[in-house]
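Participant: File follows, structure-v1.cif with mmCIF, C-alpha atoms and all ligand atoms:
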data_coords
#
loop_
_atom_site.group_PDB
_atom_site.id
_atom_site.type_symbol
_atom_site.label_atom_id
_atom_site.label_comp_id
_atom_site.auth_asym_id
_atom_site.auth_seq_id
_atom_site.Cartn_x
_atom_site.Cartn_y
_atom_site.Cartn_z
ATOM 1 C CA MET Z 1 9.560 7.776 -23.929
ATOM 2 C CA SER Z 2 7.272 8.418 -20.955
ATOM 3 C CA LYS Z 3 7.366 5.990 -18.031
ATOM 4 C CA ARG Z 4 4.774 3.185 -17.891
ATOM 5 C CA VAL Z 5 3.262 2.602 -14.450
ATOM 6 C CA PHE Z 6 0.778 -0.001 -13.198
ATOM 7 C CA ILE Z 7 -0.962 0.575 -9.837
ATOM 8 C CA THR Z 8 -3.169 -1.937 -8.005
ATOM 9 C CA GLY Z 9 -6.009 -0.487 -5.921
ATOM 10 C CA GLY Z 10 -5.658 2.675 -8.011
ATOM 11 C CA ALA Z 11 -9.298 3.795 -7.808
ATOM 12 C CA SER Z 12 -9.116 5.365 -4.362
ATOM 13 C CA GLY Z 13 -6.906 6.922 -1.705
ATOM 14 C CA LEU Z 14 -3.156 6.580 -2.093
ATOM 15 C CA GLY Z 15 -3.263 4.623 -5.363
ATOM 16 C CA LYS Z 16 -5.494 7.224 -6.994
ATOM 17 C CA SER Z 17 -3.355 10.153 -5.742
ATOM 18 C CA LEU Z 18 -0.239 8.497 -7.116
ATOM 19 C CA ALA Z 19 -1.947 7.719 -10.444
ATOM 20 C CA LEU Z 20 -2.951 11.393 -10.839
ATOM 21 C CA HIS Z 21 0.535 12.525 -9.889
ATOM 22 C CA CYS Z 22 2.052 10.247 -12.541
ATOM 23 C CA ALA Z 23 -0.529 11.393 -15.113
ATOM 24 C CA ARG Z 24 0.372 15.055 -14.548
ATOM 25 C CA ALA Z 25 4.038 14.145 -15.024
ATOM 26 C CA GLY Z 26 3.241 12.668 -18.463
ATOM 27 C CA PHE Z 27 3.454 8.976 -17.513
ATOM 28 C CA ARG Z 28 1.345 6.269 -19.134
ATOM 29 C CA VAL Z 29 -0.853 5.011 -16.295
ATOM 30 C CA CYS Z 30 -2.757 1.751 -15.829
ATOM 31 C CA ILE Z 31 -4.806 1.299 -12.669
ATOM 32 C CA CYS Z 32 -6.683 -1.763 -11.532
ATOM 33 C CA ASP Z 33 -9.273 -2.184 -8.794
ATOM 34 C CA ILE Z 34 -12.328 -4.216 -7.775
ATOM 35 C CA ASN Z 35 -14.410 -1.032 -7.462
ATOM 36 C CA ASP Z 36 -15.684 -0.388 -11.015
ATOM 37 C CA GLU Z 37 -17.475 2.872 -10.233
ATOM 38 C CA ARG Z 38 -14.430 4.502 -8.643
ATOM 39 C CA GLY Z 39 -12.179 2.966 -11.310
ATOM 40 C CA CYS Z 40 -14.184 4.593 -14.143
ATOM 41 C CA GLN Z 41 -14.312 7.914 -12.266
ATOM 42 C CA THR Z 42 -10.515 7.821 -11.741
ATOM 43 C CA LEU Z 43 -10.007 6.994 -15.421
ATOM 44 C CA LEU Z 44 -11.911 10.177 -16.354
ATOM 45 C CA GLU Z 45 -9.791 12.212 -13.935
ATOM 46 C CA LEU Z 46 -6.587 10.726 -15.366
ATOM 47 C CA GLN Z 47 -7.681 11.725 -18.856
ATOM 48 C CA GLU Z 48 -8.607 15.220 -17.641
ATOM 49 C CA ALA Z 49 -5.137 15.437 -16.072
ATOM 50 C CA GLY Z 50 -3.699 15.048 -19.578
ATOM 51 C CA CYS Z 51 -2.889 11.338 -19.593
ATOM 52 C CA SER Z 52 -3.415 10.258 -23.207
ATOM 53 C CA GLU Z 53 -2.746 6.600 -22.370
ATOM 54 C CA ALA Z 54 -4.761 5.986 -19.209
ATOM 55 C CA ILE Z 55 -6.215 2.534 -18.578
ATOM 56 C CA PHE Z 56 -8.577 1.120 -15.973
ATOM 57 C CA ARG Z 57 -8.962 -2.654 -15.753
ATOM 58 C CA ARG Z 58 -11.050 -4.531 -13.224
ATOM 59 C CA CYS Z 59 -8.669 -6.872 -11.446
ATOM 60 C CA ASP Z 60 -8.764 -8.614 -8.093
ATOM 61 C CA VAL Z 61 -5.287 -9.023 -6.599
ATOM 62 C CA ARG Z 62 -6.540 -12.332 -5.148
ATOM 63 C CA SER Z 63 -6.482 -13.694 -8.707
ATOM 64 C CA GLU Z 64 -3.147 -14.503 -10.342
ATOM 65 C CA ALA Z 65 -4.980 -14.912 -13.673
ATOM 66 C CA ASP Z 66 -6.304 -11.319 -13.487
ATOM 67 C CA LEU Z 67 -2.781 -9.987 -12.956
ATOM 68 C CA VAL Z 68 -1.323 -12.140 -15.743
ATOM 69 C CA ALA Z 69 -4.019 -10.820 -18.128
ATOM 70 C CA ILE Z 70 -3.028 -7.220 -17.302
ATOM 71 C CA ARG Z 71 0.688 -7.922 -17.729
ATOM 72 C CA GLU Z 72 0.023 -9.494 -21.142
ATOM 73 C CA HIS Z 73 -2.167 -6.553 -22.167
ATOM 74 C CA LEU Z 74 0.499 -4.031 -21.123
ATOM 75 C CA GLU Z 75 3.211 -5.984 -22.934
ATOM 76 C CA THR Z 76 1.077 -5.862 -26.075
ATOM 77 C CA ILE Z 77 0.172 -2.194 -26.014
ATOM 78 C CA TRP Z 78 3.159 -0.646 -24.190
ATOM 79 C CA ASP Z 79 5.826 -3.235 -24.894
ATOM 80 C CA GLY Z 80 6.448 -3.555 -21.152
ATOM 81 C CA VAL Z 81 6.091 -1.749 -17.813
ATOM 82 C CA ASP Z 82 8.602 0.354 -15.863
ATOM 83 C CA VAL Z 83 6.949 0.602 -12.429
ATOM 84 C CA VAL Z 84 4.544 -1.784 -10.639
ATOM 85 C CA VAL Z 85 2.919 -0.385 -7.505
ATOM 86 C CA ASN Z 86 1.448 -3.145 -5.311
ATOM 87 C CA ASN Z 87 -0.868 -0.878 -3.349
ATOM 88 C CA ALA Z 88 -4.307 -2.570 -3.040
ATOM 89 C CA GLY Z 89 -5.201 -3.268 0.572
ATOM 90 C CA VAL Z 90 -7.931 -3.614 3.193
ATOM 91 C CA ALA Z 91 -8.199 -2.915 6.939
ATOM 92 C CA GLN Z 92 -8.550 -5.434 9.742
ATOM 93 C CA ALA Z 93 -8.652 -4.873 13.503
ATOM 94 C CA GLY Z 94 -9.127 -6.986 16.609
ATOM 95 C CA ASP Z 95 -7.057 -8.855 19.174
ATOM 96 C CA VAL Z 96 -5.293 -11.997 17.923
ATOM 97 C CA GLU Z 97 -7.584 -14.355 19.855
ATOM 98 C CA ASP Z 98 -10.788 -12.617 18.703
ATOM 99 C CA VAL Z 99 -10.233 -12.399 14.928
ATOM 100 C CA SER Z 100 -11.753 -15.395 13.120
ATOM 101 C CA LEU Z 101 -9.533 -17.540 10.915
ATOM 102 C CA GLU Z 102 -11.763 -16.582 8.003
ATOM 103 C CA ASP Z 103 -10.835 -12.912 8.547
ATOM 104 C CA TRP Z 104 -7.129 -13.784 8.957
ATOM 105 C CA GLU Z 105 -7.267 -15.571 5.607
ATOM 106 C CA TRP Z 106 -9.151 -12.672 3.967
ATOM 107 C CA VAL Z 107 -6.641 -9.997 4.975
ATOM 108 C CA ILE Z 108 -3.606 -12.206 4.224
ATOM 109 C CA ASP Z 109 -5.011 -13.068 0.783
ATOM 110 C CA ILE Z 110 -5.354 -9.404 -0.205
ATOM 111 C CA ASN Z 111 -2.665 -7.501 1.704
ATOM 112 C CA LEU Z 112 0.139 -10.048 1.615
ATOM 113 C CA LEU Z 113 -0.567 -12.604 -1.110
ATOM 114 C CA GLY Z 114 -1.879 -9.806 -3.369
ATOM 115 C CA VAL Z 115 1.602 -8.254 -3.246
ATOM 116 C CA VAL Z 116 3.267 -11.669 -3.648
ATOM 117 C CA ARG Z 117 1.162 -12.261 -6.796
ATOM 118 C CA GLY Z 118 1.987 -8.809 -8.194
ATOM 119 C CA CYS Z 119 5.712 -9.453 -7.687
ATOM 120 C CA LYS Z 120 5.614 -13.014 -9.053
ATOM 121 C CA VAL Z 121 3.653 -12.056 -12.164
ATOM 122 C CA PHE Z 122 5.778 -9.022 -13.135
ATOM 123 C CA THR Z 123 9.252 -10.328 -12.155
ATOM 124 C CA PRO Z 124 9.792 -12.378 -15.366
ATOM 125 C CA LEU Z 125 8.943 -9.269 -17.423
ATOM 126 C CA PHE Z 126 11.321 -7.069 -15.405
ATOM 127 C CA LYS Z 127 14.068 -9.693 -15.789
ATOM 128 C CA ARG Z 128 13.546 -9.826 -19.569
ATOM 129 C CA GLN Z 129 13.578 -6.034 -19.728
ATOM 130 C CA ARG Z 130 16.687 -5.923 -17.526
ATOM 131 C CA GLY Z 131 14.979 -3.159 -15.591
ATOM 132 C CA GLY Z 132 11.919 -2.251 -13.555
ATOM 133 C CA HIS Z 133 10.795 -0.983 -10.176
ATOM 134 C CA PHE Z 134 8.481 -2.586 -7.619
ATOM 135 C CA ILE Z 135 6.842 -0.246 -5.126
ATOM 136 C CA ASN Z 136 5.216 -2.299 -2.372
ATOM 137 C CA VAL Z 137 2.863 -0.473 -0.028
ATOM 138 C CA ALA Z 138 3.278 -1.838 3.504
ATOM 139 C CA SER Z 139 2.663 0.219 6.672
ATOM 140 C CA MET Z 140 4.312 1.358 9.909
ATOM 141 C CA ALA Z 141 2.055 -1.352 11.392
ATOM 142 C CA GLY Z 142 4.530 -3.835 9.927
ATOM 143 C CA LEU Z 143 7.442 -2.246 11.806
ATOM 144 C CA LEU Z 144 5.835 -1.131 15.083
ATOM 145 C CA ASP Z 145 3.631 -3.191 17.407
ATOM 146 C CA GLY Z 146 0.147 -1.740 17.797
ATOM 147 C CA PRO Z 147 -2.028 -4.020 19.951
ATOM 148 C CA GLY Z 148 -5.413 -4.820 18.425
ATOM 149 C CA MET Z 149 -4.126 -4.833 14.845
ATOM 150 C CA GLY Z 150 -2.408 -8.219 14.728
ATOM 151 C CA ALA Z 151 -3.679 -9.633 11.445
ATOM 152 C CA TYR Z 152 -3.189 -6.378 9.513
ATOM 153 C CA SER Z 153 0.288 -5.893 11.025
ATOM 154 C CA VAL Z 154 1.343 -9.443 10.148
ATOM 155 C CA THR Z 155 0.438 -8.859 6.487
ATOM 156 C CA LYS Z 156 2.406 -5.615 6.390
ATOM 157 C CA ALA Z 157 5.438 -7.164 8.137
ATOM 158 C CA GLY Z 158 5.246 -9.882 5.462
ATOM 159 C CA VAL Z 159 5.236 -7.267 2.689
ATOM 160 C CA ILE Z 160 8.334 -5.658 4.217
ATOM 161 C CA LYS Z 161 10.241 -8.968 4.405
ATOM 162 C CA LEU Z 162 9.103 -9.931 0.889
ATOM 163 C CA SER Z 163 10.412 -6.581 -0.394
ATOM 164 C CA GLU Z 164 13.756 -7.007 1.382
ATOM 165 C CA ILE Z 165 14.272 -10.456 -0.172
ATOM 166 C CA LEU Z 166 13.073 -9.350 -3.613
ATOM 167 C CA ASP Z 167 15.469 -6.401 -3.550
ATOM 168 C CA MET Z 168 18.375 -8.833 -3.039
ATOM 169 C CA GLU Z 169 17.150 -11.347 -5.637
ATOM 170 C CA LEU Z 170 16.574 -8.745 -8.333
ATOM 171 C CA ALA Z 171 19.633 -6.550 -7.816
ATOM 172 C CA PRO Z 172 21.583 -8.416 -10.575
ATOM 173 C CA TYR Z 173 18.762 -7.606 -13.030
ATOM 174 C CA ASN Z 174 18.794 -3.846 -12.496
ATOM 175 C CA VAL Z 175 15.362 -4.037 -10.808
ATOM 176 C CA ASN Z 176 14.696 -1.717 -7.861
ATOM 177 C CA THR Z 177 12.339 -2.275 -4.950
ATOM 178 C CA THR Z 178 10.833 0.341 -2.654
ATOM 179 C CA VAL Z 179 8.813 -0.487 0.453
ATOM 180 C CA VAL Z 180 6.443 2.231 1.643
ATOM 181 C CA CYS Z 181 5.569 2.299 5.358
ATOM 182 C CA PRO Z 182 3.150 5.110 6.174
ATOM 183 C CA ALA Z 183 1.311 5.556 9.468
ATOM 184 C CA PHE Z 184 -2.326 6.784 9.356
ATOM 185 C CA PHE Z 185 -3.490 9.242 6.662
ATOM 186 C CA PRO Z 186 -7.037 9.962 5.429
ATOM 187 C CA THR Z 187 -8.380 7.731 2.603
ATOM 188 C CA ASN Z 188 -11.342 5.363 2.163
ATOM 189 C CA LEU Z 189 -9.479 2.496 3.888
ATOM 190 C CA GLY Z 190 -11.988 2.488 6.791
ATOM 191 C CA GLU Z 191 -14.743 1.372 4.362
ATOM 192 C CA SER Z 192 -13.130 -2.059 4.024
ATOM 193 C CA LEU Z 193 -12.629 -2.485 7.772
ATOM 194 C CA ARG Z 194 -13.483 -5.800 9.409
ATOM 195 C CA SER Z 195 -13.209 -5.467 13.159
ATOM 196 C CA THR Z 196 -14.111 -7.376 16.292
ATOM 197 C CA ASN Z 197 -14.214 -4.119 18.246
ATOM 198 C CA PRO Z 198 -17.190 -1.793 17.642
ATOM 199 C CA ASP Z 199 -15.129 1.262 18.657
ATOM 200 C CA THR Z 200 -12.413 0.648 16.068
ATOM 201 C CA ASP Z 201 -14.130 2.394 13.194
ATOM 202 C CA ARG Z 202 -14.520 5.585 15.267
ATOM 203 C CA PHE Z 203 -10.923 5.290 16.448
ATOM 204 C CA LEU Z 204 -9.646 4.818 12.884
ATOM 205 C CA GLN Z 205 -11.572 7.792 11.528
ATOM 206 C CA LYS Z 206 -9.985 9.952 14.246
ATOM 207 C CA ALA Z 207 -6.526 8.536 13.579
ATOM 208 C CA PHE Z 208 -6.911 9.240 9.834
ATOM 209 C CA ALA Z 209 -8.116 12.781 10.520
ATOM 210 C CA ARG Z 210 -5.252 13.519 12.927
ATOM 211 C CA SER Z 211 -2.589 12.620 10.363
ATOM 212 C CA PRO Z 212 -0.067 15.376 9.725
ATOM 213 C CA ILE Z 213 0.150 14.334 6.070
ATOM 214 C CA SER Z 214 -2.312 13.625 3.269
ATOM 215 C CA ALA Z 215 -2.526 10.890 0.616
ATOM 216 C CA GLU Z 216 -1.253 13.475 -1.899
ATOM 217 C CA GLN Z 217 1.859 14.072 0.190
ATOM 218 C CA VAL Z 218 2.553 10.337 0.553
ATOM 219 C CA ALA Z 219 2.021 10.010 -3.225
ATOM 220 C CA GLN Z 220 4.488 12.854 -3.836
ATOM 221 C CA GLN Z 221 7.124 10.990 -1.808
ATOM 222 C CA ILE Z 222 6.473 7.781 -3.760
ATOM 223 C CA PHE Z 223 6.763 9.735 -6.999
ATOM 224 C CA ASP Z 224 10.146 11.073 -5.828
ATOM 225 C CA ALA Z 225 11.219 7.471 -5.091
ATOM 226 C CA ILE Z 226 10.224 6.481 -8.643
ATOM 227 C CA MET Z 227 12.421 9.248 -10.035
ATOM 228 C CA GLU Z 228 15.272 8.492 -7.619
ATOM 229 C CA PRO Z 229 14.923 4.917 -6.376
ATOM 230 C CA ARG Z 230 15.420 4.137 -2.678
ATOM 231 C CA PHE Z 231 14.454 1.077 -0.649
ATOM 232 C CA TRP Z 232 12.853 2.478 2.524
ATOM 233 C CA LEU Z 233 10.113 5.103 2.406
ATOM 234 C CA LEU Z 234 8.737 6.065 5.834
ATOM 235 C CA PRO Z 235 6.711 9.251 5.329
ATOM 236 C CA HIS Z 236 5.616 9.863 8.978
ATOM 237 C CA ARG Z 237 8.407 11.405 11.069
ATOM 238 C CA LYS Z 238 7.129 10.580 14.602
ATOM 239 C CA GLU Z 239 6.529 6.891 13.820
ATOM 240 C CA LYS Z 240 9.906 6.672 12.074
ATOM 241 C CA TYR Z 241 11.499 7.901 15.301
ATOM 242 C CA LEU Z 242 9.548 5.276 17.294
ATOM 243 C CA TRP Z 243 10.869 2.554 14.988
ATOM 244 C CA TRP Z 244 14.426 3.763 15.580
ATOM 245 C CA LEU Z 245 13.708 3.774 19.340
ATOM 246 C CA LYS Z 246 12.438 0.175 19.129
ATOM 247 C CA SER Z 247 15.838 -0.960 17.877
ATOM 248 C CA MET Z 248 17.736 1.097 20.471
ATOM 249 C CA VAL Z 249 16.014 0.432 23.826
ATOM 250 C CA PRO Z 250 15.473 -2.870 25.712
ATOM 251 C CA HIS Z 251 12.209 -4.619 24.796
ATOM 252 C CA LYS Z 252 10.683 -4.009 28.248
ATOM 253 C CA THR Z 253 11.200 -0.256 27.891
ATOM 254 C CA TYR Z 254 9.747 -0.295 24.386
ATOM 255 C CA ARG Z 255 6.710 -2.244 25.651
ATOM 256 C CA SER Z 256 6.119 0.354 28.398
ATOM 257 C CA ILE Z 257 6.375 3.180 25.861
ATOM 258 C CA VAL Z 258 3.837 1.489 23.551
ATOM 259 C CA SER Z 259 1.430 0.809 26.476
ATOM 260 C CA TRP Z 260 1.686 4.452 27.550
ATOM 261 C CA LEU Z 261 1.121 5.714 23.997
ATOM 262 C CA VAL Z 262 -1.911 3.444 23.513
ATOM 263 C CA LYS Z 263 -3.494 4.606 26.813
ATOM 264 C CA ARG Z 264 -2.853 8.238 25.874
ATOM 265 C CA TYR Z 265 -4.289 7.708 22.377
ATOM 266 C CA VAL Z 266 -7.410 5.980 23.685
ATOM 267 C CA SER Z 267 -8.099 8.554 26.438
ATOM 268 C CA LYS Z 268 -7.518 11.425 23.980
ATOM 269 C CA GLY Z 269 -9.945 9.718 21.569
ATOM 270 C CA ARG Z 270 -12.597 9.412 24.307
ATOM 271 C CA LYS Z 271 -12.353 13.131 25.155
ATOM 272 C CA SER Z 272 -12.501 14.416 21.566
HETATM 273 N N1 LIG U 301 -4.722 5.059 4.867
HETATM 274 C C1 LIG U 301 -3.828 4.707 5.793
HETATM 275 O O1 LIG U 301 -3.830 5.231 6.940
HETATM 276 C C2 LIG U 301 -2.760 3.711 5.458
HETATM 277 C C3 LIG U 301 -1.638 3.602 6.304
HETATM 278 C C4 LIG U 301 -0.646 2.673 5.995
HETATM 279 C C5 LIG U 301 -0.748 1.880 4.860
HETATM 280 N N2 LIG U 301 -1.844 1.998 4.060
HETATM 281 C C6 LIG U 301 -1.925 1.127 2.886
HETATM 282 O O2 LIG U 301 -2.083 1.914 1.717
HETATM 283 C C7 LIG U 301 -2.674 1.110 0.690
HETATM 284 C C8 LIG U 301 -3.768 1.906 -0.007
HETATM 285 O O3 LIG U 301 -4.854 2.065 0.900
HETATM 286 P P1 LIG U 301 -5.670 3.428 1.048
HETATM 287 O O4 LIG U 301 -5.417 3.942 2.399
HETATM 288 O O5 LIG U 301 -5.434 4.298 -0.123
HETATM 289 O O6 LIG U 301 -7.165 2.831 1.078
HETATM 290 P P2 LIG U 301 -8.383 2.929 0.047
HETATM 291 O O7 LIG U 301 -9.434 2.029 0.581
HETATM 292 O O8 LIG U 301 -8.743 4.348 -0.185
HETATM 293 O O9 LIG U 301 -7.770 2.308 -1.298
HETATM 294 C C9 LIG U 301 -7.519 0.917 -1.440
HETATM 295 C C10 LIG U 301 -8.025 0.446 -2.788
HETATM 296 O O10 LIG U 301 -7.723 -0.957 -2.907
HETATM 297 C C11 LIG U 301 -8.821 -1.568 -3.555
HETATM 298 N N3 LIG U 301 -8.859 -3.004 -3.271
HETATM 299 C C12 LIG U 301 -9.223 -3.633 -2.117
HETATM 300 N N4 LIG U 301 -9.181 -4.951 -2.271
HETATM 301 C C13 LIG U 301 -8.768 -5.186 -3.547
HETATM 302 C C14 LIG U 301 -8.531 -6.358 -4.294
HETATM 303 N N5 LIG U 301 -8.754 -7.576 -3.779
HETATM 304 N N6 LIG U 301 -8.092 -6.237 -5.582
HETATM 305 C C15 LIG U 301 -7.907 -5.013 -6.119
HETATM 306 N N7 LIG U 301 -8.140 -3.862 -5.467
HETATM 307 C C16 LIG U 301 -8.564 -3.948 -4.191
HETATM 308 C C17 LIG U 301 -10.040 -0.865 -2.987
HETATM 309 O O11 LIG U 301 -11.190 -1.051 -3.793
HETATM 310 C C18 LIG U 301 -9.547 0.582 -2.943
HETATM 311 O O12 LIG U 301 -9.857 1.262 -4.135
HETATM 312 C C19 LIG U 301 -3.165 -0.167 1.400
HETATM 313 O O13 LIG U 301 -2.258 -1.222 1.146
HETATM 314 C C20 LIG U 301 -3.134 0.205 2.869
HETATM 315 O O14 LIG U 301 -2.975 -0.909 3.713
HETATM 316 C C21 LIG U 301 -2.827 2.897 4.316
#
Render the structure in this file as structure tokens.
Facilitator:
Amino acid sequence: MSKRVFITGGASGLGKSLALHCARAGFRVCICDINDERGCQTLLELQEAGCSEAIFRRCDVRSEADLVAIREHLETIWDGVDVVVNNAGVAQAGDVEDVSLEDWEWVIDINLLGVVRGCKVFTPLFKRQRGGHFINVASMAGLLDGPGMGAYSVTKAGVIKLSEILDMELAPYNVNTTVVCPAFFPTNLGESLRSTNPDTDRFLQKAFARSPISAEQVAQQIFDAIMEPRFWLLPHRKEKYLWWLKSMVPHKTYRSIVSWLVKRYVSKGRKS
């Protein structure tokens, strides 16, 4: 039987690319999102891609009840789910002291607690099935230390730690976990941005555009991890090297490297 995959935030960017990839491979695909217009459009594209069992459901990852309703629906019509991709996310920028507590709570509720809810709601099903695969979309921001992105980075570091613990807890149940840590790539993520710095939007658009890889390429790597499960997925080579460097050099050296890179990035951005 074809694999059954559920993807949060599947109406745009990475989630949509992955959904289409899975559809072309003959999977049954359910996406959820809070953007109805893009959700319906993606549903049409999934059907055009040959997915006979494509589903779009409005669901806010801030609501446990929404996620429970989807799990129950999928248990009824598909008799279970093989892969849950906790992908929905938003962007937040600003120095730690400048970001309001309201914005901290907003980004934590979606980016971190949204993934916690997805894992909590689907774990009992995976345990009963004695099999399943969580794919949690974090970011290199959760591994590296970009100044001016504290709240976002904290949520992604939380997703990484959550995934590490979950992988240990669920190993006896034949449940795999993958944590995806991309650096920048072009999507609609900038649309959700809340920032205390008026230049951030411009900076982000440039960073997205400069990415050596696309959402489709990140989706391809996630698809490969579904077919052959692995825990870490770090699609950007340069940032992966920086992460390795962080663990190898003294903290002071790492801090100087980051300061130099940030200055270079900002001055390059001003010139272009
Ligand atoms: N684009 C990048 O450079 C980048 C880099 C690293 C990690 N990521 C992560 O990739 C994931 C996907 O983001 P993207 O870049 O494809 O952005 P995107 O904005 O194109 O897609 C995110 C989707 O999530 C949906 N969403 C937002 N809040 C939601 C909620 N409360 N409930 C349900 N759906 C919600 C949005 O409507 C949107 O369709 C995010 O977790 C993001 O943090 C992106």
Participant: If you measure from CA of Val96 in chain Z to CA of Phe203 in chain Z, what distance in Å do you get, rounded to one decimal?
Facilitator: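 Taking CA of Val96 in chain Z as the start and CA of Phe203 in chain Z as the end point, the length is 18.2 Å.
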Participant: Would you write out, as a PyMOL selection string, every residue that the PyMOL selection byres (((chain Z and resi 117) around 10) and not hetatm) captures in this file?
Facilitator: chain Z and resi 61-65+67-68+86+109-110+112-116+118-123
Participant: Between CA of Ile222 in chain Z and CA of Tyr241 in chain Z, measure the distance and give it in Å to one decimal.
Facilitator: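 Interatomic distance, CA of Ile222 in chain Z to CA of Tyr241 in chain Z: 19.7 Å.
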Participant: For range 12-20 of chain Z, please output as a compact mmCIF listing (two decimals) with C-alpha atoms, in the frame of the given file all residues within 7 Å (counting all atoms listed in the file; exclusion window: fewer than 4 positions along the same chain).
Facilitator:
# COMPACT_ATOMS: atom_id res chain seq x y z
CA ILE Z 7 -0.96 0.57 -9.84
CA ARG Z 24 0.37 15.06 -14.55
CA VAL Z 29 -0.85 5.01 -16.30
CA ARG Z 38 -14.43 4.50 -8.64
CA THR Z 42 -10.52 7.82 -11.74
CA LEU Z 46 -6.59 10.73 -15.37
CA ALA Z 49 -5.14 15.44 -16.07
CA ASN Z 87 -0.87 -0.88 -3.35
CA THR Z 187 -8.38 7.73 2.60
CA ASN Z 188 -11.34 5.36 2.16
CA ALA Z 215 -2.53 10.89 0.62
CA GLU Z 216 -1.25 13.48 -1.90
CA ALA Z 219 2.02 10.01 -3.22
Participant: All residues within 7 Å of ligand LIG 301 (chain U) are required, counting all atoms listed in the file; please report them as a ChimeraX atom specification.
Facilitator: /Z:8-15,32-35,59-62,87-91,110-111,137-140,181-192,208
Participant: One number please: CA of Gly26 in chain Z to CA of Gly131 in chain Z, in Å, one decimal.
Facilitator: 19.9 Å
Participant: Would you mind telling me which residue in Z:Ser195, Z:Ile165, Z:Ala25, Z:Val81 lies nearest to Val107 in chain Z when using all atoms listed in the file?
Facilitator: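 Ranked by minimum distance to Val107 in chain Z, first place goes to Z:Ser195.
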Participant: I need the residue set behind the PyMOL selection byres (((chain Z and resi 160) around 10) and not hetatm) for this file; please write it as a list in words.
Facilitator: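 That expression, the PyMOL selection byres (((chain Z and resi 160) around 10) and not hetatm), corresponds here to Leu112, Asn136, Val137, Ala138, Ser139, Met140, Gly142, Leu143, Val154, Thr155, Lys156, Ala157, Gly158, Val159, Lys161, Leu162, Ser163, Glu164, Ile165, Leu166, Thr178, Val179, Val180, Cys181 and Trp232 of chain Z.
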Participant: Kindly indicate which residue among Z:Glu37, Z:Thr196, Z:Glu45, Z:Phe134 lies nearest to Val5 in chain Z, using only C-alpha atoms for the distances.
Facilitator: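 Of Z:Glu37, Z:Thr196, Z:Glu45, Z:Phe134, the one nearest Val5 in chain Z is Z:Phe134, counting only C-alpha atoms.
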Participant: Of the candidates Z:Pro147, Z:Leu74, Z:Phe126, Z:Val85, which one gets nearest to Trp260 in chain Z if we count only C-alpha atoms?
Facilitator: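 Distance minimum relative to Trp260 in chain Z lands on Z:Pro147.
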Participant: If the PyMOL selection byres (((chain Z and resi 197-200) around 12) and not hetatm) is run on the structure shown, which residues does it catch, given as a list in words?
Facilitator: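 Taken on the displayed file, the PyMOL selection byres (((chain Z and resi 197-200) around 12) and not hetatm) yields the residues Ala91, Gln92, Ala93, Gly94, Asp95, Val96, Asp98, Val99, Gly148, Met149, Gly190, Glu191, Leu193, Arg194, Ser195, Thr196, Asp201, Arg202, Phe203, Leu204, Gln205, Lys206, Ala207, Phe208, Val266, Gly269 and Arg270 of chain Z.
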Participant: Might you pull out every residue within 6 Å of Cys30 in chain Z, with only C-alpha atoms counted and same-chain residues fewer than 3 positions away left off, and present them as a ChimeraX atom specification?
Facilitator: /Z:6,54-56
Participant: If the box runs along x, y and z of the file and leaves 3 Å on each side of range 31-46 of chain Z, what are its centre and edge lengths in Å, one decimal, as AutoDock Vina command-line options?
Facilitator:
--center_x -11.1 --center_y 4.0 --center_z -11.9 --size_x 18.7 --size_y 22.4 --size_z 14.9
Participant: List as a list in words the protein and nucleic acid residues near Gln129 in chain Z, meaning an atom at most 10 Å away when all atoms listed in the file are counted, but skip any in the same chain fewer than 6 places from it.
Facilitator: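 Near Gln129 in chain Z, the qualifying residues are Asp79, Gly80, Val81, Asp82, Thr123, Tyr173, Asn174 and Val175 of chain Z.
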